[in-house]
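So this block is protein-v3.txt, compact mmCIF, C-alpha atoms and all ligand atoms:
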```txt
# COMPACT_ATOMS: atom_id res chain seq x y z
CA MET A 1 0.00 0.00 0.00
CA SER A 2 1.37 3.37 -0.90
CA ALA A 3 1.92 5.93 1.78
CA THR A 4 1.22 8.77 -0.58
CA ARG A 5 -2.36 7.73 -1.02
CA THR A 6 -4.66 10.48 0.05
CA ALA A 7 -8.32 10.99 0.46
CA SER A 8 -8.84 10.50 -3.25
CA MET A 9 -10.45 7.17 -2.56
CA SER A 10 -11.66 5.18 -5.48
CA PRO A 11 -15.14 6.49 -6.29
CA LEU A 12 -17.91 4.22 -5.15
CA ILE A 13 -21.42 3.87 -6.36
CA CYS A 14 -23.88 5.68 -4.13
CA TRP A 15 -26.23 3.25 -2.41
CA SER A 16 -29.14 5.63 -2.93
CA CYS A 17 -28.96 7.26 -6.35
CA ARG A 18 -26.68 4.66 -7.96
CA GLU A 19 -24.43 7.33 -9.36
CA ARG A 20 -20.73 7.58 -8.68
CA ALA A 21 -20.40 9.19 -5.26
CA LEU A 22 -17.25 11.27 -5.41
CA GLY A 23 -17.12 12.83 -1.97
CA PRO A 24 -15.67 10.82 0.93
CA HIS A 25 -18.65 11.30 3.20
CA PHE A 26 -21.58 12.43 1.06
CA CYS A 27 -22.64 11.55 -2.47
CA SER A 28 -21.65 14.35 -4.81
CA ASN A 29 -24.74 13.66 -6.85
CA CYS A 30 -27.65 13.25 -4.45
CA GLY A 31 -26.04 14.39 -1.22
CA LYS A 32 -26.82 11.23 0.78
CA ILE A 33 -24.46 10.13 3.54
CA GLN A 34 -22.19 7.32 2.33
CA GLN A 35 -20.95 4.10 3.80
CA LEU A 36 -17.26 4.30 4.61
CA PRO A 37 -15.14 2.01 2.45
CA ARG A 38 -13.27 -0.52 4.56
CA ASP A 39 -9.79 0.71 3.77
CA VAL A 40 -10.35 4.30 4.73
CA ASP A 41 -7.84 5.43 7.32
CA TYR A 42 -8.13 8.40 9.64
CA PHE A 43 -6.01 10.61 7.41
CA ALA A 44 -8.30 9.95 4.47
CA PHE A 45 -11.28 10.53 6.71
CA PHE A 46 -10.24 14.17 6.94
CA GLY A 47 -9.08 14.34 3.35
CA LEU A 48 -5.46 14.52 4.43
CA PRO A 49 -2.35 12.83 3.02
CA ARG A 50 -0.42 10.54 5.38
CA LYS A 51 1.82 13.32 6.55
CA LEU A 52 2.83 13.96 10.11
CA TRP A 53 2.65 17.70 10.14
CA ILE A 54 -0.96 18.67 10.68
CA GLU A 55 -2.02 22.18 11.53
CA GLY A 56 -4.02 21.87 14.74
CA ALA A 57 -6.42 24.67 13.92
CA GLU A 58 -7.08 23.31 10.46
CA LEU A 59 -7.77 19.85 11.77
CA GLU A 60 -10.12 21.25 14.36
CA LYS A 61 -11.98 23.20 11.72
CA LYS A 62 -12.43 20.09 9.60
CA PHE A 63 -13.51 18.16 12.64
CA LEU A 64 -16.15 20.69 13.62
CA GLN A 65 -17.41 20.94 10.08
CA LEU A 66 -17.70 17.19 9.70
CA SER A 67 -19.22 16.64 13.10
CA TRP A 68 -21.87 19.16 12.22
CA GLN A 69 -22.54 17.53 8.84
CA LEU A 70 -22.56 13.99 10.17
CA HIS A 71 -24.46 14.74 13.34
CA PRO A 72 -27.40 12.38 14.05
CA ASP A 73 -29.62 15.41 14.64
CA ASN A 74 -29.54 16.06 10.90
CA PHE A 75 -30.99 12.63 10.24
CA VAL A 76 -34.04 12.54 12.49
CA HIS A 77 -36.34 12.38 9.51
CA ALA A 78 -34.07 10.26 7.34
CA THR A 79 -34.25 6.53 6.67
CA GLU A 80 -33.02 4.00 9.24
CA ARG A 81 -30.04 3.31 7.06
CA GLU A 82 -28.99 6.94 7.03
CA LYS A 83 -29.51 7.21 10.77
CA ASP A 84 -27.21 4.22 11.31
CA LEU A 85 -24.62 5.63 8.96
CA SER A 86 -24.66 8.96 10.71
CA LEU A 87 -24.16 7.35 14.10
CA GLU A 88 -21.38 5.15 12.84
CA ARG A 89 -19.66 8.01 11.09
CA SER A 90 -19.88 10.33 14.05
CA SER A 91 -18.19 7.88 16.35
CA GLN A 92 -15.49 7.18 13.74
CA LEU A 93 -14.99 10.89 13.43
CA ASN A 94 -14.35 11.21 17.13
CA ASP A 95 -11.83 8.37 17.11
CA ALA A 96 -10.11 9.82 14.08
CA TYR A 97 -9.88 13.25 15.63
CA ARG A 98 -8.60 12.00 18.95
CA THR A 99 -5.94 9.92 17.22
CA LEU A 100 -4.65 12.58 14.86
CA ARG A 101 -4.82 15.51 17.22
CA GLU A 102 -1.98 14.25 19.41
CA PRO A 103 1.39 14.22 17.61
CA VAL A 104 2.56 11.06 19.36
CA SER A 105 -0.57 9.03 18.78
CA ARG A 106 -0.52 10.31 15.21
CA VAL A 107 2.92 8.75 14.71
CA GLU A 108 1.77 5.54 16.38
CA TYR A 109 -1.22 5.39 14.13
CA LEU A 110 0.79 6.08 10.99
CA LEU A 111 3.24 3.29 11.84
CA ALA A 112 0.34 0.93 12.52
CA ILE A 113 -1.41 1.52 9.21
CA GLU A 114 1.89 1.38 7.35
CA GLY A 115 2.50 -2.00 8.98
CA ALA A 116 5.63 -0.86 10.81
CA ARG A 117 4.36 -1.28 14.35
CA LYS A 118 2.35 -4.30 15.30
CA GLU A 119 1.08 -4.96 18.78
CA GLY A 120 2.84 -7.82 20.54
CA GLU A 121 5.52 -7.98 17.88
CA GLN A 122 8.09 -5.68 19.40
CA LYS A 123 11.54 -7.25 19.58
CA GLN A 124 13.72 -4.20 19.51
CA GLN A 125 15.06 -3.99 23.04
CA ALA A 126 15.68 -0.59 24.48
CA PRO A 127 19.31 0.50 24.79
CA PRO A 128 20.90 -1.11 27.91
CA GLU A 129 21.86 2.24 29.46
CA LEU A 130 18.25 3.34 29.39
CA LEU A 131 17.08 0.08 30.98
CA GLU A 132 19.73 0.41 33.69
CA GLU A 133 18.60 3.93 34.40
CA VAL A 134 14.92 3.00 34.45
CA PHE A 135 15.61 0.08 36.72
CA GLY A 136 17.76 2.11 39.10
CA LEU A 137 15.16 4.81 39.37
CA ASN A 138 12.46 2.27 40.08
CA GLU A 139 14.64 1.00 42.91
CA SER A 140 14.90 4.49 44.35
CA LEU A 141 11.14 4.73 44.17
CA ASP A 142 10.88 1.51 46.12
CA GLU A 143 13.21 2.89 48.76
CA LEU A 144 11.09 5.98 49.06
CA ARG A 145 7.98 3.88 49.55
CA GLU A 146 9.69 1.88 52.27
CA ALA A 147 11.06 4.97 53.95
CA LYS A 148 7.60 6.48 53.92
CA ALA A 149 6.11 3.39 55.49
CA GLY A 150 8.87 3.32 58.13
CA GLY A 151 8.70 7.03 58.85
CA GLY A 152 12.39 7.52 58.07
CA ASP A 153 14.17 10.57 56.70
CA LEU A 154 12.82 11.33 53.28
CA SER A 155 14.51 14.55 52.35
CA ALA A 156 17.62 13.04 50.76
CA LEU A 157 15.57 10.57 48.76
CA LYS A 158 13.13 13.24 47.73
CA THR A 159 15.93 15.42 46.43
CA ARG A 160 17.25 12.50 44.41
CA LEU A 161 13.85 11.76 43.00
CA GLU A 162 13.23 15.35 42.10
CA ALA A 163 16.52 15.49 40.26
CA ALA A 164 15.61 12.28 38.50
CA GLU A 165 12.22 13.61 37.59
CA ASN A 166 13.74 16.69 35.99
CA ASN A 167 16.23 14.56 34.18
CA PHE A 168 13.50 12.33 32.76
CA GLN A 169 11.31 15.27 31.83
CA GLU A 170 14.24 16.58 29.86
CA LYS A 171 14.70 13.21 28.20
CA LEU A 172 11.05 13.15 27.28
CA ALA A 173 11.35 16.57 25.68
CA GLU A 174 14.45 15.38 23.83
CA VAL A 175 12.68 12.33 22.46
CA ASP A 176 9.73 14.42 21.37
CA GLU A 177 12.02 16.82 19.60
CA GLN A 178 13.77 13.98 17.78
CA LEU A 179 10.42 12.56 16.85
CA GLN A 180 9.42 15.90 15.37
CA GLY A 181 12.62 16.02 13.37
CA ILE A 182 11.97 12.61 11.82
CA ALA A 183 8.36 13.56 11.21
CA ARG A 184 9.59 16.44 9.07
CA GLU A 185 11.88 14.08 7.19
CA TRP A 186 8.95 11.75 6.64
CA ASP A 187 6.81 14.51 5.16
CA ALA A 188 9.64 15.58 2.89
CA ALA A 189 10.11 11.97 1.80
CA LEU A 190 6.44 11.78 0.83
CA ASP A 191 6.68 15.02 -1.11
CA ASN A 192 9.70 13.79 -3.00
CA ASN A 193 8.34 10.29 -3.56
CA VAL A 194 11.33 8.71 -1.90
CA GLU A 195 11.67 4.95 -2.35
CA ASN A 196 10.40 2.46 0.20
CA VAL A 197 13.75 1.53 1.72
CA ALA A 198 14.39 5.05 2.90
CA ARG A 199 10.84 5.41 4.16
CA ASN A 200 11.08 2.16 6.09
CA LYS A 201 14.25 3.41 7.72
CA LEU A 202 12.46 6.52 8.89
CA MET A 203 9.65 4.41 10.29
CA ALA A 204 12.11 2.15 12.11
CA ARG A 205 13.66 5.20 13.73
CA MET A 206 10.27 6.51 14.79
CA ASN A 207 9.45 3.11 16.22
CA ASP A 208 12.62 3.10 18.32
CA LEU A 209 11.84 6.54 19.63
CA LEU A 210 8.30 5.55 20.54
CA ASN A 211 9.63 2.58 22.52
CA ARG A 212 12.12 4.76 24.34
CA ARG A 213 9.36 7.20 25.03
CA SER A 214 7.11 4.65 26.68
CA TYR A 215 9.75 3.79 29.32
CA ILE A 216 10.47 7.39 30.06
CA ARG A 217 6.82 8.38 30.24
CA ASN A 218 6.10 5.47 32.57
CA LEU A 219 8.86 6.61 34.88
CA VAL A 220 7.89 10.24 34.88
CA ARG A 221 4.42 9.17 35.86
CA ASN A 222 5.60 6.88 38.69
CA VAL A 223 8.02 9.41 40.09
CA ALA A 224 5.47 12.18 39.99
CA ALA A 225 2.88 10.00 41.72
CA GLU A 226 5.34 9.12 44.46
CA LEU A 227 6.45 12.68 45.01
CA THR A 228 2.95 14.05 45.33
CA GLY A 229 1.51 11.03 47.18
CA MET B 1 -8.99 -7.97 34.55
CA ALA B 2 -9.16 -11.08 36.66
CA TYR B 3 -5.84 -12.78 37.31
CA SER B 4 -5.69 -16.56 37.54
CA ASP B 5 -5.12 -18.17 40.95
CA LYS B 6 -1.56 -19.04 40.04
CA VAL B 7 -0.76 -15.47 39.08
CA VAL B 8 -2.26 -14.21 42.32
CA ASP B 9 -0.25 -16.75 44.28
CA HIS B 10 3.05 -15.73 42.66
CA TYR B 11 2.13 -12.10 42.99
CA ASN B 12 1.35 -12.34 46.68
CA ASN B 13 4.21 -14.70 47.50
CA PRO B 14 6.83 -14.03 44.88
CA ARG B 15 9.60 -16.63 44.99
CA ASN B 16 13.24 -15.63 44.83
CA VAL B 17 12.93 -11.87 44.93
CA GLY B 18 16.24 -10.15 45.31
CA SER B 19 19.57 -9.86 43.65
CA LEU B 20 22.90 -11.61 43.31
CA PRO B 21 26.30 -9.89 43.12
CA LYS B 22 26.42 -8.89 39.49
CA ASP B 23 30.22 -8.80 39.39
CA ASP B 24 30.53 -12.43 40.48
CA PRO B 25 31.95 -14.27 37.44
CA ASN B 26 29.47 -17.09 37.97
CA VAL B 27 26.45 -14.80 37.99
CA GLY B 28 24.64 -13.94 34.80
CA THR B 29 22.37 -10.89 34.75
CA GLY B 30 19.56 -10.25 32.31
CA LEU B 31 17.87 -6.86 32.25
CA VAL B 32 15.01 -6.51 29.80
CA GLY B 33 12.05 -4.26 29.18
CA ALA B 34 8.72 -4.26 27.39
CA PRO B 35 8.31 -1.19 25.23
CA GLU B 36 4.54 -1.73 25.05
CA CYS B 37 4.09 -0.74 28.65
CA GLY B 38 7.48 0.51 29.81
CA ASP B 39 7.92 -2.25 32.41
CA VAL B 40 11.35 -3.61 33.33
CA MET B 41 12.59 -6.96 34.68
CA LYS B 42 15.91 -8.15 36.05
CA LEU B 43 16.70 -11.84 36.34
CA GLN B 44 19.95 -13.20 37.69
CA MET B 45 21.30 -16.70 38.04
CA LYS B 46 24.34 -18.26 39.60
CA ILE B 47 25.68 -20.98 37.37
CA ASN B 48 28.21 -23.64 38.26
CA PRO B 49 30.84 -23.46 35.52
CA GLU B 50 31.78 -27.14 35.93
CA THR B 51 28.34 -28.68 35.73
CA GLN B 52 26.53 -25.79 33.97
CA VAL B 53 23.78 -26.21 36.55
CA ILE B 54 21.87 -23.14 37.68
CA GLU B 55 22.28 -23.15 41.43
CA GLU B 56 20.48 -19.98 42.33
CA ALA B 57 18.11 -17.54 40.67
CA LYS B 58 16.75 -14.17 41.74
CA PHE B 59 14.55 -11.58 40.13
CA LYS B 60 13.27 -8.09 40.56
CA THR B 61 10.46 -6.81 38.37
CA PHE B 62 8.88 -3.41 38.10
CA GLY B 63 5.79 -4.18 36.17
CA CYS B 64 2.35 -5.69 36.12
CA GLY B 65 1.15 -8.72 38.08
CA SER B 66 1.65 -11.05 35.14
CA ALA B 67 5.23 -9.92 34.68
CA ILE B 68 5.94 -10.46 38.36
CA ALA B 69 4.31 -13.90 38.28
CA SER B 70 6.13 -14.83 35.05
CA SER B 71 9.52 -13.92 36.43
CA SER B 72 8.82 -15.56 39.76
CA LEU B 73 7.84 -18.75 37.96
CA ALA B 74 10.88 -18.49 35.69
CA THR B 75 13.26 -18.41 38.66
CA GLU B 76 11.55 -21.48 40.10
CA TRP B 77 11.80 -23.33 36.85
CA VAL B 78 15.44 -22.59 36.05
CA LYS B 79 16.76 -23.56 39.45
CA GLY B 80 18.45 -26.96 39.26
CA LYS B 81 18.33 -27.00 35.48
CA THR B 82 21.35 -26.91 33.20
CA VAL B 83 21.95 -23.91 31.00
CA SER B 84 20.73 -25.67 27.89
CA GLU B 85 17.60 -26.94 29.64
CA ALA B 86 16.84 -23.42 30.82
CA LEU B 87 17.26 -22.10 27.30
CA SER B 88 14.51 -24.40 26.10
CA ILE B 89 11.89 -22.71 28.33
CA LYS B 90 9.43 -20.92 26.07
CA ASN B 91 7.14 -18.06 26.93
CA THR B 92 4.23 -20.24 25.81
CA ASP B 93 5.06 -22.66 28.67
CA ILE B 94 4.66 -19.74 31.06
CA VAL B 95 1.43 -18.61 29.42
CA ARG B 96 0.02 -22.10 29.84
CA GLU B 97 1.14 -22.56 33.43
CA LEU B 98 -0.25 -19.19 34.53
CA SER B 99 -3.27 -19.14 32.16
CA LEU B 100 -2.36 -15.69 30.89
CA PRO B 101 -4.85 -13.99 28.57
CA PRO B 102 -3.68 -12.78 25.13
CA VAL B 103 -3.12 -9.18 26.24
CA LYS B 104 -0.64 -10.43 28.82
CA ILE B 105 1.49 -12.53 26.50
CA HIS B 106 4.16 -9.86 26.23
CA CYS B 107 4.70 -10.14 29.98
CA SER B 108 5.70 -13.78 29.58
CA VAL B 109 7.90 -12.90 26.61
CA LEU B 110 9.72 -10.60 28.96
CA ALA B 111 10.51 -13.52 31.28
CA GLU B 112 11.77 -15.70 28.44
CA ASP B 113 13.93 -12.85 27.17
CA ALA B 114 15.29 -12.31 30.67
CA ILE B 115 16.38 -15.95 30.99
CA LYS B 116 18.12 -15.77 27.62
CA ALA B 117 19.75 -12.44 28.44
CA ALA B 118 21.05 -13.70 31.79
CA ILE B 119 22.57 -16.77 30.20
CA ARG B 120 24.08 -14.71 27.41
CA ASN B 121 25.64 -12.45 30.02
CA TRP B 122 27.06 -15.42 31.90
CA LYS B 123 28.45 -16.87 28.68
CA THR B 124 30.19 -13.61 27.80
CA LYS B 125 31.83 -13.68 31.22
CA HIS B 126 33.04 -17.18 30.39
CA GLY B 127 33.99 -16.26 26.84
CA VAL B 128 36.31 -19.20 26.41
CA GLU B 129 33.92 -21.84 27.60
CA ALA B 130 31.11 -20.49 25.47
CA ALA B 131 33.25 -20.62 22.34
CA ALA B 132 34.38 -24.17 23.14
CA GLU B 133 30.82 -25.29 23.77
CA GLU B 134 29.69 -23.92 20.44
CA LYS B 135 32.41 -25.84 18.65
CA VAL B 136 31.20 -29.08 20.21
CA ALA B 137 27.65 -28.26 19.27
CA HIS B 138 28.44 -27.77 15.58
S1 LIG C 301 1.85 -5.09 31.26
FE1 LIG C 301 3.92 -4.66 31.12
S2 LIG C 301 4.89 -6.48 31.54
FE2 LIG C 301 2.82 -6.89 31.79
```
For the file at hand, write its structure as structure tokens.
Ligand code: FES
Amino acid sequence: MSATRTASMSPLICWSCRERALGPHFCSNCGKIQQLPRDVDYFAFFGLPRKLWIEGAELEKKFLQLSWQLHPDNFVHATEREKDLSLERSSQLNDAYRTLREPVSRVEYLLAIEGARKEGEQKQQAPPELLEEVFGLNESLDELREAKAGGGDLSALKTRLEAAENNFQEKLAEVDEQLQGIAREWDAALDNNVENVARNKLMARMNDLLNRRSYIRNLVRNVAAELTG
Amino acid sequence: MAYSDKVVDHYNNPRNVGSLPKDDPNVGTGLVGAPECGDVMKLQMKINPETQVIEEAKFKTFGCGSAIASSSLATEWVKGKTVSEALSIKNTDIVRELSLPPVKIHCSVLAEDAIKAAIRNWKTKHGVEAAAEEKVAH
């Protein structure tokens, strides 16, 4: 499947007027709401190419427009079929918006539909230094929990944890920045019709970064919970 | 999600929690992580270089109940086994023993990976022996 494919989905025959329905959501001929073809991804749903840079305001505008057009309230007097379609579409719209709005989940989603990130099929281990660090910090967290339970002196541990938290926040920002950099490369690669090998390399790098990110995010969350708790 | 009785048992009474001196030449350490959830697991074993028997095993896991149960079970299973017997333990054996649901399979994979990583680490420490053993095997 080509990554450059956009919303220009193959025209389908409208279920109502039997003409070719050119629009993605409504028939260009009779205006009836259409059934979504199976292979429509969230990018296509909004009429967007599979690029990672999406203007937030523009996406929101499209979302509001579509949610107004697809809203079940518009179909109170329509046929059962149209009512069902409107309900189905509206909930898909919400999923699509939620997924694409967030830059990180957008990357995750892109890698999933491009077949580069499958659940339960990881296999790239994180770099050993990162695992060591994550493990060590988890041990400090454990110590803090024990010290809390035993009523011991917490200030030294707290200072260490706070330093660690800052450090990991910084790491998280670093990873996000790197991810943004590759996202720009990805978009450029699509524009220039770069061959698959290069595109797969970019996706592999994004995948690595996402893995790294999940450890760091997990830690930030645990440390923060412990410090406030 | 409801954990099976065996998971609950290992979770509440984890066997062999702790650590072994990681600089001991006879101790192999495996540190692995699951990128899906960001959990980490450390598994260590003390291996007799003469007999290749795993004499002691310890683990420490920061992760979900299934990961804790999987690693606890793994330490029980490897103890008394030879290195090559331990290497034949598959994550599917763990899944079966603990009745893990599909969403928890990666937790058992973590335990299998940890066993392999610990043995690899031990073999690197005994570089010569590992090379010799491979020659025999081929
Ligand atoms: S959910 Fe992360 S190891 Fe089980």
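Interface residues on chain B toward chain A (cut-off 10 Å, all atoms listed in the file): Leu31, Val32, Gly33, Ala34, Pro35, Glu36, Cys37, Gly38, Asp39, Val40, Met41, Lys42, Lys60, Thr61, Phe62, Pro102, Val103, Lys104, Ile105, His106, Cys107, Val109 and Asp113 of chain B.
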Need the axis-aligned box for ligand LIG 301 (chain C) with 8 Å each side, so what are the centre and edges in Å to one decimal, as AutoDock Vina command-line options?
```
--center_x 3.4 --center_y -5.8 --center_z 31.5 --size_x 19.0 --size_y 18.2 --size_z 16.7
```
Quiz prompt | All residues 9 Å or closer to B:Ala57, all atoms listed in the file, same chain fewer than 4 positions away omitted, as a list of chain:residue names | solution =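 Non-adjacent residues within range: B:Asn16, B:Val17, B:Gly18, B:Ser19, B:Leu20, B:Leu43, B:Gln44, B:Met45, B:Lys46, B:Ile47, B:Ala74, B:Thr75, B:Glu76, B:Val78, B:Lys79.
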Quiz prompt | Residue with smallest distance to ligand LIG 301 (chain C) - pool B:Pro101, B:Gly65, B:Gly80, B:Gly127, counting all atoms listed in the file | solution =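 Between B:Pro101, B:Gly65, B:Gly80, B:Gly127, the residue approaching ligand LIG 301 (chain C) most closely is B:Gly65.
Residues of protein, DNA or RNA having at least one counted atom within 12 Å of (-7.6, -14.6, 36.8), given all atoms listed in the file, are Met1, Ala2, Tyr3, Ser4, Asp5, Lys6, Val7, Val8, Asp9, Tyr11, Gly65, Ser66, Leu98, Ser99, Leu100, Pro101 and Lys104 of chain B.
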Output C-alpha atoms for every residue in the selection just made, as a tab-separated table (two decimals), keeping the file's coordinate frame.
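Final output, part.tsv:
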```tsv
chain	number	residue	atom	x	y	z
B	1	MET	CA	-8.99	-7.97	34.55
B	2	ALA	CA	-9.16	-11.08	36.66
B	3	TYR	CA	-5.84	-12.78	37.31
B	4	SER	CA	-5.69	-16.56	37.54
B	5	ASP	CA	-5.12	-18.17	40.95
B	6	LYS	CA	-1.56	-19.04	40.04
B	7	VAL	CA	-0.76	-15.47	39.08
B	8	VAL	CA	-2.26	-14.21	42.32
B	9	ASP	CA	-0.25	-16.75	44.28
B	11	TYR	CA	2.13	-12.10	42.99
B	65	GLY	CA	1.15	-8.72	38.08
B	66	SER	CA	1.65	-11.05	35.14
B	98	LEU	CA	-0.25	-19.19	34.53
B	99	SER	CA	-3.27	-19.14	32.16
B	100	LEU	CA	-2.36	-15.69	30.89
B	101	PRO	CA	-4.85	-13.99	28.57
B	104	LYS	CA	-0.64	-10.43	28.82
```
Practice problem: Please provide as a PyMOL selection string all residues within 8 Å of B:Lys125, with the sequence filter that same-chain residues fewer than 3 positions apart are discarded (counting only C-alpha atoms). | Solution: chain B and resi 25-26+121-122
Generate the output file for the selected residues, C-alpha atoms, as an mmCIF file, in the frame of the given file.
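Output saved as again_12.cif:
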```
data_model
loop_
_atom_site.group_PDB
_atom_site.id
_atom_site.type_symbol
_atom_site.label_atom_id
_atom_site.label_comp_id
_atom_site.auth_asym_id
_atom_site.auth_seq_id
_atom_site.Cartn_x
_atom_site.Cartn_y
_atom_site.Cartn_z
ATOM 1 C CA PRO B 25 31.950 -14.270 37.440
ATOM 2 C CA ASN B 26 29.470 -17.090 37.970
ATOM 3 C CA ASN B 121 25.640 -12.450 30.020
ATOM 4 C CA TRP B 122 27.060 -15.420 31.900
#
```
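Taking all atoms listed in the file into account, ligand LIG 301 (chain C) lies nearest to B:Leu110 out of the set B:Ile54, B:Ala86, B:Leu110, B:Val27.
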Exercise. Quote the spacing between atom CA of A:Ala183 and atom CA of A:Leu52 in Å to one decimal place.
Key: 5.7 Å
Practice problem: Would you mind reading off the distance between atom CA of A:Glu102 and atom CA of A:Ile54, one decimal, in Å? | Solution: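 Interatomic distance, atom CA of A:Glu102 to atom CA of A:Ile54: 9.8 Å.
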Quiz item: A:Val175: which residues within 8 Å, counting all atoms listed in the file, same-chain residues fewer than 2 positions away excluded, as a PyMOL selection string?
Solution: chain A and resi 171-173+177-179+209+212-213
Exercise. Provide the atom CA of A:Leu161 to atom CA of A:Arg221 distance in Å, to one decimal place.
Key: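 Between these atoms lies a distance of 12.1 Å.
For A:Leu190, the non-local neighbours within 9 Å, defined as residues at least 3 positions apart in the same chain or in other chains and counting only C-alpha atoms, are Ala3, Thr4, Arg50, Lys51, Glu185, Trp186, Asp187, Asn193, Val194 and Arg199 of chain A.
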Give me stretch 111-117 of chain B with all heavy atoms filled in, as a CSV table (one decimal), in the frame of the given file.
```csv
chain,number,residue,atom,x,y,z
B,111,ALA,N,9.8,-12.5,30.4
B,111,ALA,CA,10.5,-13.5,31.3
B,111,ALA,C,11.4,-14.4,30.4
B,111,ALA,O,12.5,-14.7,30.8
B,111,ALA,CB,9.5,-14.3,32.1
B,112,GLU,N,10.9,-14.9,29.3
B,112,GLU,CA,11.8,-15.7,28.4
B,112,GLU,C,13.0,-14.9,28.0
B,112,GLU,O,14.1,-15.4,28.0
B,112,GLU,CB,11.0,-16.2,27.2
B,112,GLU,CG,11.9,-17.1,26.3
B,112,GLU,CD,11.2,-17.4,25.0
B,112,GLU,OE1,10.0,-17.5,24.9
B,112,GLU,OE2,12.0,-17.6,24.0
B,113,ASP,N,12.8,-13.7,27.6
B,113,ASP,CA,13.9,-12.8,27.2
B,113,ASP,C,14.9,-12.7,28.3
B,113,ASP,O,16.1,-12.6,28.1
B,113,ASP,CB,13.4,-11.5,26.7
B,113,ASP,CG,12.8,-11.5,25.4
B,113,ASP,OD1,12.8,-12.6,24.7
B,113,ASP,OD2,12.2,-10.5,25.0
B,114,ALA,N,14.4,-12.5,29.5
B,114,ALA,CA,15.3,-12.3,30.7
B,114,ALA,C,16.2,-13.5,30.9
B,114,ALA,O,17.3,-13.4,31.2
B,114,ALA,CB,14.5,-12.0,31.9
B,115,ILE,N,15.6,-14.7,30.8
B,115,ILE,CA,16.4,-16.0,31.0
B,115,ILE,C,17.5,-16.0,30.0
B,115,ILE,O,18.7,-16.2,30.3
B,115,ILE,CB,15.5,-17.2,30.8
B,115,ILE,CG1,14.4,-17.3,31.9
B,115,ILE,CG2,16.4,-18.5,30.8
B,115,ILE,CD1,13.4,-18.4,31.7
B,116,LYS,N,17.1,-15.7,28.7
B,116,LYS,CA,18.1,-15.8,27.6
B,116,LYS,C,19.2,-14.7,27.8
B,116,LYS,O,20.4,-15.0,27.7
B,116,LYS,CB,17.4,-15.5,26.3
B,116,LYS,CG,16.3,-16.5,26.0
B,116,LYS,CD,16.5,-17.1,24.6
B,116,LYS,CE,15.9,-18.5,24.5
B,116,LYS,NZ,14.4,-18.5,24.3
B,117,ALA,N,18.8,-13.5,28.3
B,117,ALA,CA,19.8,-12.4,28.4
B,117,ALA,C,20.7,-12.8,29.6
B,117,ALA,O,21.9,-12.5,29.5
B,117,ALA,CB,19.0,-11.1,28.7
```
